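Asks: Quick one: this structure, given as structure tokens, is what I'll be asking you about.
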Protein chains: 2
Amino acid sequence: MTQAATAKGRATRARIVEGAAEVLRERGVAFTTLDDIRDRTGTSKSQLFHYFPDGKDELLLSVARFEADRVLEDQQPQLGRLDSWESWAQWRDLVVERYERQGDQCPLGSLFLQVGRSRPGSRAIVTELMRQWQQQLADGMRALQARGLVAASLDVGQASAALLAGIQGGVAIMMSTGDSTHLKAALDAGIAALRATRDAPDPG
Amino acid sequence: MTQAATAKGRATRARIVEGAAEVLRERGVAFTTLDDIRDRTGTSKSQLFHYFPDGKDELLLSVARFEADRVLEDQQPQLGRLDSWESWAQWRDLVVERYERQGDQCPLGSLFLQVGRSRPGSRAIVTELMRQWQQQLADGMRALQARGLVAASLDVGQASAALLAGIQGGVAIMMSTGDSTHLKAALDAGIAALRATRDAPDPG
DNA sequence: CAGAAAATGGACCGGCAAGTCCACCCCGGG
DNA sequence: CCCGGGGTGGACTTGCCGGTCCATTTTCTG
């Protein structure tokens, strides 16, 4: 039963997912038990298994979906409207701010470790998130091209892939070291690469 | 007792670390037990605790150190001699090849999940690995500068940080999606950015 | 206001895996 | 030869935690 039948049921299910997401962010997947989630969400063991019959894995997968959705939502509306240098700059700051606030928690990354990267469900979630994210970056780059701010010859697919990789890596490094230098460098380098398609390079 | 007293002891300890690293890569941290490691290494429970008195965490940390060392070793000698476009290209291929061969295993990443990113020991390992890696990239960029292949005005610190982030992210994405496109894009973009400091941009 | 279906509470079970313990082995030195 | 200590084997303990079960309450429907 993935969908609850009544409004109350749906509310409870949502409460479980959101509460579980909180606990997981705080404690980390490896150290979170169903009892922790039960406590936080004010539910009982039977409810957990009522709404997630396949047990912990199913619940974790639902949390992963929930977190994946948040990732892109948290970057809106900037990410959806990257049609000027100003909006790119704003988005860049937003990303840095979001992840610095998040600190060393990587709900999504850790979630898949536990469930298993290769499991059909989990891989689909990341793949889809990456696809959408890159898509929006690519849209932004094409918007710049349309306005003549970026050379039409730019390989948008490659540039957006590289920028996305830089973000992921920057975040990953920040998780481990607590330092956001790399994230900022990756964002700035990615945007600078766009600019460089029009500007003259340093002639030195 | 972190160091064994006799040669035999030291050999056993090394066998444990290497064997554990193998098992962890195959099964993943979350699904590996001390008994798995015991089987693989042909040792007994008491030996595990004899050489790693603090238990599983201490062992995992040792494996993390072991794996961290491998990361840079596997990129040698190319990584240590990035003084021409050819050597950069060779290194780029080496990185792609190494991680494609590794597939969806990320021994290091997962290890820290289990031990806890923030634990003093584990954070130090990643930080040091990142520092050395970036250092070697930066050295390579300066070598290009010295030969006049890259503009002296290039901010090596920022460029190396961005490239490192791109690699990390590219690898991370490949782990989750099985696709090395992003890794290649990040590497190529990073190197192209170096070239672009000298070449004229596409005038389109 | 039934009666069914959904939702909830929480005691209980069972297995697994980390960690303990002690007996034994092996080898080098005196 | 024996003795001491590092090295080894593996049975055993222990606690945790995912998962089960059933009794009870609440909510929908006619």
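Lettering and numbering for the structure tokens are positional, with chains as A, B, ... in the shown order, residues counted from 1 in each chain, and ligands counted from 1 in the shown order.
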Write down, as a CSV table (one decimal) with N, CA and C atoms (P, O5', C5', C4', C3', O3' and C1' of nucleotides), in the first residue's frame, each residue of chain D that has any atom within 9 Å of an atom of chain A, counting only C-alpha atoms (C1' of nucleotides).
Replies:
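Once everything was written out, this is iface-v3.csv:
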chain,number,residue,atom,x,y,z
D,17,DC,P,20.1,0.1,17.5
D,17,DC,O5',19.3,-0.5,16.3
D,17,DC,C5',19.9,-1.5,15.5
D,17,DC,C4',18.8,-2.3,14.8
D,17,DC,C3',17.5,-1.5,14.6
D,17,DC,O3',17.1,-1.8,13.3
D,17,DC,C1',16.9,-3.4,15.7
D,18,DG,P,16.3,-0.8,12.4
D,18,DG,O5',15.7,-1.7,11.3
D,18,DG,C5',16.5,-2.7,10.6
D,18,DG,C4',15.7,-4.0,10.4
D,18,DG,C3',14.4,-3.8,9.7
D,18,DG,O3',14.2,-4.8,8.7
D,18,DG,C1',14.0,-4.9,11.8
D,19,DG,P,13.1,-4.7,7.6
D,19,DG,O5',12.0,-5.6,8.4
D,19,DG,C5',12.3,-7.0,8.6
D,19,DG,C4',11.2,-7.6,9.5
D,19,DG,C3',9.8,-7.3,9.1
D,19,DG,O3',9.2,-8.6,8.8
D,19,DG,C1',10.0,-7.0,11.4
D,27,DT,P,-11.2,10.2,14.3
D,27,DT,O5',-11.6,9.6,12.8
D,27,DT,C5',-10.6,9.0,12.0
D,27,DT,C4',-11.3,8.4,10.8
D,27,DT,C3',-12.4,9.2,10.2
D,27,DT,O3',-12.1,9.3,8.8
D,27,DT,C1',-13.2,7.0,10.6
D,28,DC,P,-12.9,10.1,7.8
D,28,DC,O5',-12.7,8.9,6.7
D,28,DC,C5',-13.5,8.9,5.5
D,28,DC,C4',-14.2,7.6,5.4
D,28,DC,C3',-15.5,7.9,4.6
D,28,DC,O3',-15.4,7.2,3.4
D,28,DC,C1',-15.9,6.4,6.5
Asks: Taking the backbone alone, and naming residues the way the document does, which bits of stretch 50-204 of chain A are alpha helix (DSSP H) by DSSP, as a count of residues only?
Replies: 112
Asks: Could you please select, counting only C-alpha atoms, the residues of chain A within 8 Å of chain B and state them as a PyMOL selection string?
Replies: chain A and resi 28+30+104+110+113-114+117-118+123-124+126-127+151-153+158-159+161-170+172-173+175-177+181-183+185-187+189+193+196-204
Asks: Between chain C and chain B, at 10 Å or less, what are the per-residue closest atom pairs and their distances in Å? Count only C-alpha atoms (C1' of nucleotides), order by chain and rising residue number, and return it as a Markdown table.
Replies:
| residue | atom | partner | partner_atom | distance |
| --- | --- | --- | --- | --- |
| C:DC16 | C1' | B:Thr33 | CA | 9.9 |
| C:DA17 | C1' | B:Thr33 | CA | 6.9 |
| C:DA18 | C1' | B:Leu34 | CA | 7.9 |
| C:DG19 | C1' | B:Gly55 | CA | 7.7 |
| C:DT20 | C1' | B:Ser46 | CA | 9.1 |
| C:DC21 | C1' | B:Ser46 | CA | 9.5 |
Asks: Return chain A as a short mmCIF file (atom, residue, chain, number, x, y, z; two decimals) with C-alpha atoms, in the first residue's frame, after superposing it on chain B by a least-squares fit that covers all C-alpha atoms paired in order.
Replies:
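Written out: part_13.cif:
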data_model
loop_
_atom_site.label_atom_id
_atom_site.label_comp_id
_atom_site.auth_asym_id
_atom_site.auth_seq_id
_atom_site.Cartn_x
_atom_site.Cartn_y
_atom_site.Cartn_z
CA MET A 1 48.46 -1.74 19.38
CA THR A 2 48.53 -0.12 16.02
CA GLN A 3 51.92 -1.48 15.10
CA ALA A 4 52.57 -5.18 15.31
CA ALA A 5 55.72 -6.29 17.01
CA THR A 6 56.93 -9.02 14.68
CA ALA A 7 57.24 -9.38 10.94
CA LYS A 8 54.53 -12.02 10.96
CA GLY A 9 52.28 -9.72 12.87
CA ARG A 10 52.82 -6.90 10.47
CA ALA A 11 52.11 -9.19 7.54
CA THR A 12 48.87 -10.34 9.10
CA ARG A 13 47.81 -6.81 9.82
CA ALA A 14 48.49 -5.83 6.22
CA ARG A 15 46.61 -8.88 4.99
CA ILE A 16 43.62 -7.84 7.04
CA VAL A 17 43.60 -4.31 5.69
CA GLU A 18 43.99 -5.38 2.09
CA GLY A 19 41.46 -8.17 2.37
CA ALA A 20 39.01 -5.91 4.12
CA ALA A 21 39.44 -3.34 1.37
CA GLU A 22 38.54 -6.01 -1.21
CA VAL A 23 35.45 -7.17 0.59
CA LEU A 24 34.32 -3.63 1.24
CA ARG A 25 34.68 -2.76 -2.40
CA GLU A 26 32.68 -5.81 -3.41
CA ARG A 27 29.88 -5.78 -0.89
CA GLY A 28 29.81 -2.19 0.26
CA VAL A 29 30.41 -1.00 3.78
CA ALA A 30 26.84 -1.27 4.93
CA PHE A 31 26.68 -4.96 4.09
CA THR A 32 30.09 -6.10 5.26
CA THR A 33 30.52 -7.77 8.63
CA LEU A 34 33.62 -8.63 10.55
CA ASP A 35 32.93 -12.25 9.77
CA ASP A 36 33.10 -11.52 6.06
CA ILE A 37 36.48 -9.94 6.59
CA ARG A 38 37.53 -12.82 8.79
CA ASP A 39 36.63 -15.31 6.09
CA ARG A 40 38.35 -13.41 3.31
CA THR A 41 41.56 -12.86 5.19
CA GLY A 42 41.77 -16.27 6.79
CA THR A 43 41.98 -14.84 10.26
CA SER A 44 40.04 -15.16 13.47
CA LYS A 45 37.95 -12.74 15.41
CA SER A 46 40.63 -12.38 18.03
CA GLN A 47 43.17 -11.33 15.44
CA LEU A 48 40.90 -8.61 14.16
CA PHE A 49 40.62 -7.18 17.63
CA HIS A 50 44.25 -7.86 18.38
CA TYR A 51 45.39 -5.60 15.57
CA PHE A 52 42.49 -3.16 15.80
CA PRO A 53 41.63 -2.94 19.50
CA ASP A 54 39.05 -0.23 18.96
CA GLY A 55 37.11 -2.57 16.75
CA LYS A 56 35.41 -2.11 13.45
CA ASP A 57 35.73 1.65 13.30
CA GLU A 58 39.47 1.50 13.68
CA LEU A 59 39.72 -1.15 11.00
CA LEU A 60 37.54 0.84 8.63
CA LEU A 61 39.65 3.89 9.22
CA SER A 62 42.77 1.95 8.34
CA VAL A 63 41.15 0.72 5.17
CA ALA A 64 40.21 4.30 4.36
CA ARG A 65 43.83 5.36 4.72
CA PHE A 66 44.87 2.46 2.51
CA GLU A 67 42.35 3.36 -0.16
CA ALA A 68 43.20 7.04 0.00
CA ASP A 69 46.83 6.23 -0.71
CA ARG A 70 45.84 4.13 -3.71
CA VAL A 71 43.87 6.94 -5.28
CA LEU A 72 46.89 9.10 -6.02
CA GLU A 73 49.25 6.18 -6.63
CA ASP A 74 46.94 4.91 -9.35
CA GLN A 75 47.34 8.22 -11.19
CA GLN A 76 51.10 8.12 -11.18
CA PRO A 77 53.41 8.76 -12.84
CA GLN A 78 51.25 11.00 -15.03
CA LEU A 79 49.79 13.07 -12.22
CA GLY A 80 53.24 13.95 -10.96
CA ARG A 81 54.46 15.19 -14.30
CA LEU A 82 51.77 17.35 -15.85
CA ASP A 83 54.16 19.61 -17.77
CA SER A 84 52.83 19.34 -21.32
CA TRP A 85 49.49 19.10 -23.05
CA GLU A 86 50.33 15.51 -23.91
CA SER A 87 50.86 14.53 -20.31
CA TRP A 88 47.62 16.24 -19.31
CA ALA A 89 45.81 14.28 -22.00
CA GLN A 90 47.38 11.03 -20.87
CA TRP A 91 46.48 11.72 -17.28
CA ARG A 92 42.94 12.57 -18.28
CA ASP A 93 42.61 9.20 -20.02
CA LEU A 94 44.15 7.45 -17.06
CA VAL A 95 41.63 8.92 -14.66
CA VAL A 96 38.71 8.00 -16.87
CA GLU A 97 40.04 4.51 -17.32
CA ARG A 98 40.72 4.00 -13.64
CA TYR A 99 37.26 5.01 -12.55
CA GLU A 100 35.47 3.23 -15.33
CA ARG A 101 37.26 0.08 -14.29
CA GLN A 102 36.31 0.69 -10.69
CA GLY A 103 32.68 0.77 -11.78
CA ASP A 104 30.15 1.74 -9.18
CA GLN A 105 32.35 1.12 -6.17
CA CYS A 106 33.39 4.08 -4.13
CA PRO A 107 35.32 2.58 -1.25
CA LEU A 108 36.32 5.89 0.17
CA GLY A 109 33.05 7.69 -0.02
CA SER A 110 31.10 4.95 1.64
CA LEU A 111 33.70 4.35 4.30
CA PHE A 112 33.22 7.77 5.79
CA LEU A 113 29.50 7.42 5.85
CA GLN A 114 29.87 4.52 8.21
CA VAL A 115 32.58 5.92 10.41
CA GLY A 116 31.06 9.36 10.44
CA ARG A 117 32.35 12.21 8.33
CA SER A 118 33.00 14.42 11.28
CA ARG A 119 35.06 12.01 13.30
CA PRO A 120 38.50 13.53 13.69
CA GLY A 121 40.38 10.73 12.00
CA SER A 122 38.21 10.33 8.94
CA ARG A 123 37.90 13.98 8.09
CA ALA A 124 41.67 14.31 8.24
CA ILE A 125 42.10 11.57 5.68
CA VAL A 126 39.86 13.14 3.04
CA THR A 127 41.15 16.61 3.68
CA GLU A 128 44.70 15.47 3.23
CA LEU A 129 43.88 13.50 0.10
CA MET A 130 42.13 16.47 -1.45
CA ARG A 131 44.99 18.75 -0.49
CA GLN A 132 47.60 16.54 -2.13
CA TRP A 133 45.52 15.93 -5.20
CA GLN A 134 44.84 19.61 -5.77
CA GLN A 135 48.48 20.36 -5.05
CA GLN A 136 49.60 18.11 -7.86
CA LEU A 137 47.11 19.60 -10.27
CA ALA A 138 48.29 23.07 -9.29
CA ASP A 139 51.91 22.02 -9.79
CA GLY A 140 51.01 20.84 -13.26
CA MET A 141 49.34 24.12 -14.08
CA ARG A 142 52.33 26.08 -12.88
CA ALA A 143 54.56 23.90 -15.04
CA LEU A 144 52.48 24.90 -18.04
CA GLN A 145 52.76 28.52 -17.02
CA ALA A 146 56.53 28.19 -16.72
CA ARG A 147 56.65 26.94 -20.28
CA GLY A 148 54.44 29.73 -21.48
CA LEU A 149 51.66 27.34 -22.45
CA VAL A 150 49.24 28.92 -20.03
CA ALA A 151 48.77 32.56 -19.17
CA ALA A 152 50.67 33.68 -16.08
CA SER A 153 47.54 35.49 -14.99
CA LEU A 154 45.66 32.24 -14.45
CA ASP A 155 44.50 31.83 -10.87
CA VAL A 156 46.01 28.42 -10.29
CA GLY A 157 44.37 27.96 -6.91
CA GLN A 158 40.91 28.51 -8.28
CA ALA A 159 41.46 26.52 -11.45
CA SER A 160 42.85 23.51 -9.59
CA ALA A 161 40.02 23.64 -7.05
CA ALA A 162 37.44 23.73 -9.80
CA LEU A 163 39.06 20.87 -11.68
CA LEU A 164 39.28 18.75 -8.57
CA ALA A 165 35.62 19.42 -7.82
CA GLY A 166 34.71 18.43 -11.35
CA ILE A 167 36.54 15.14 -11.01
CA GLN A 168 34.92 14.33 -7.70
CA GLY A 169 31.51 15.16 -9.01
CA GLY A 170 32.07 13.28 -12.23
CA VAL A 171 33.06 10.20 -10.31
CA ALA A 172 30.13 10.58 -7.93
CA ILE A 173 27.68 10.85 -10.79
CA MET A 174 29.22 7.85 -12.48
CA MET A 175 28.80 5.84 -9.29
CA SER A 176 25.11 6.58 -9.20
CA THR A 177 24.21 6.49 -12.85
CA GLY A 178 26.86 4.27 -14.37
CA ASP A 179 27.62 6.92 -16.95
CA SER A 180 31.06 8.50 -17.28
CA THR A 181 29.91 11.37 -19.48
CA HIS A 182 30.10 13.92 -16.70
CA LEU A 183 33.54 12.86 -15.59
CA LYS A 184 34.87 13.23 -19.11
CA ALA A 185 33.13 16.53 -19.58
CA ALA A 186 34.57 17.89 -16.35
CA LEU A 187 38.10 16.81 -17.23
CA ASP A 188 37.87 18.17 -20.75
CA ALA A 189 36.33 21.41 -19.62
CA GLY A 190 38.99 21.86 -16.98
CA ILE A 191 41.80 21.34 -19.45
CA ALA A 192 40.08 23.45 -22.08
CA ALA A 193 39.91 26.28 -19.58
CA LEU A 194 43.69 26.15 -19.30
CA ARG A 195 44.11 26.21 -23.04
CA ALA A 196 41.66 29.08 -23.35
CA THR A 197 43.97 31.35 -21.40
CA ARG A 198 46.26 31.37 -24.42
CA ASP A 199 44.12 30.56 -27.42
CA ALA A 200 41.88 33.11 -29.01
CA PRO A 201 38.25 32.39 -28.22
CA ASP A 202 35.80 31.47 -30.89
CA PRO A 203 35.14 34.86 -32.47
CA GLY A 204 31.58 33.89 -33.51
#
Asks: Record the distance separating atom C1' of C:DG3 and atom C1' of D:DA23, expressed in Å with one decimal.
Replies: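 A separation of 17.8 Å between them.
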Asks: So that I can check the surroundings of C:DC25, please list as a list in words every protein, DNA and RNA residue that reaches within 12 Å of it, counting only C-alpha atoms (C1' of nucleotides) and ignoring chain neighbours fewer than 6 positions away.
Replies: DG5, DG6, DG7, DT8 and DG9 of chain D
Asks: Could you please take those selected residues and save C-alpha atoms (C1' of nucleotides) as a PDB file, in the first residue's frame?
Replies:
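Output (out-v8.pdb):
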ATOM      1  C1'  DG D   5      55.012 -13.616  24.929  1.00  0.00           C
ATOM      2  C1'  DG D   6      53.209 -12.553  20.638  1.00  0.00           C
ATOM      3  C1'  DG D   7      50.011 -14.741  17.676  1.00  0.00           C
ATOM      4  C1'  DT D   8      45.774 -17.611  16.725  1.00  0.00           C
ATOM      5  C1'  DG D   9      41.261 -20.175  16.964  1.00  0.00           C
TER       6       DG D   9
END
Asks: Expressed in Å to a single decimal, how great is the separation between atom C1' of D:DG30 and atom C1' of C:DG9?
Replies: 29.3 Å
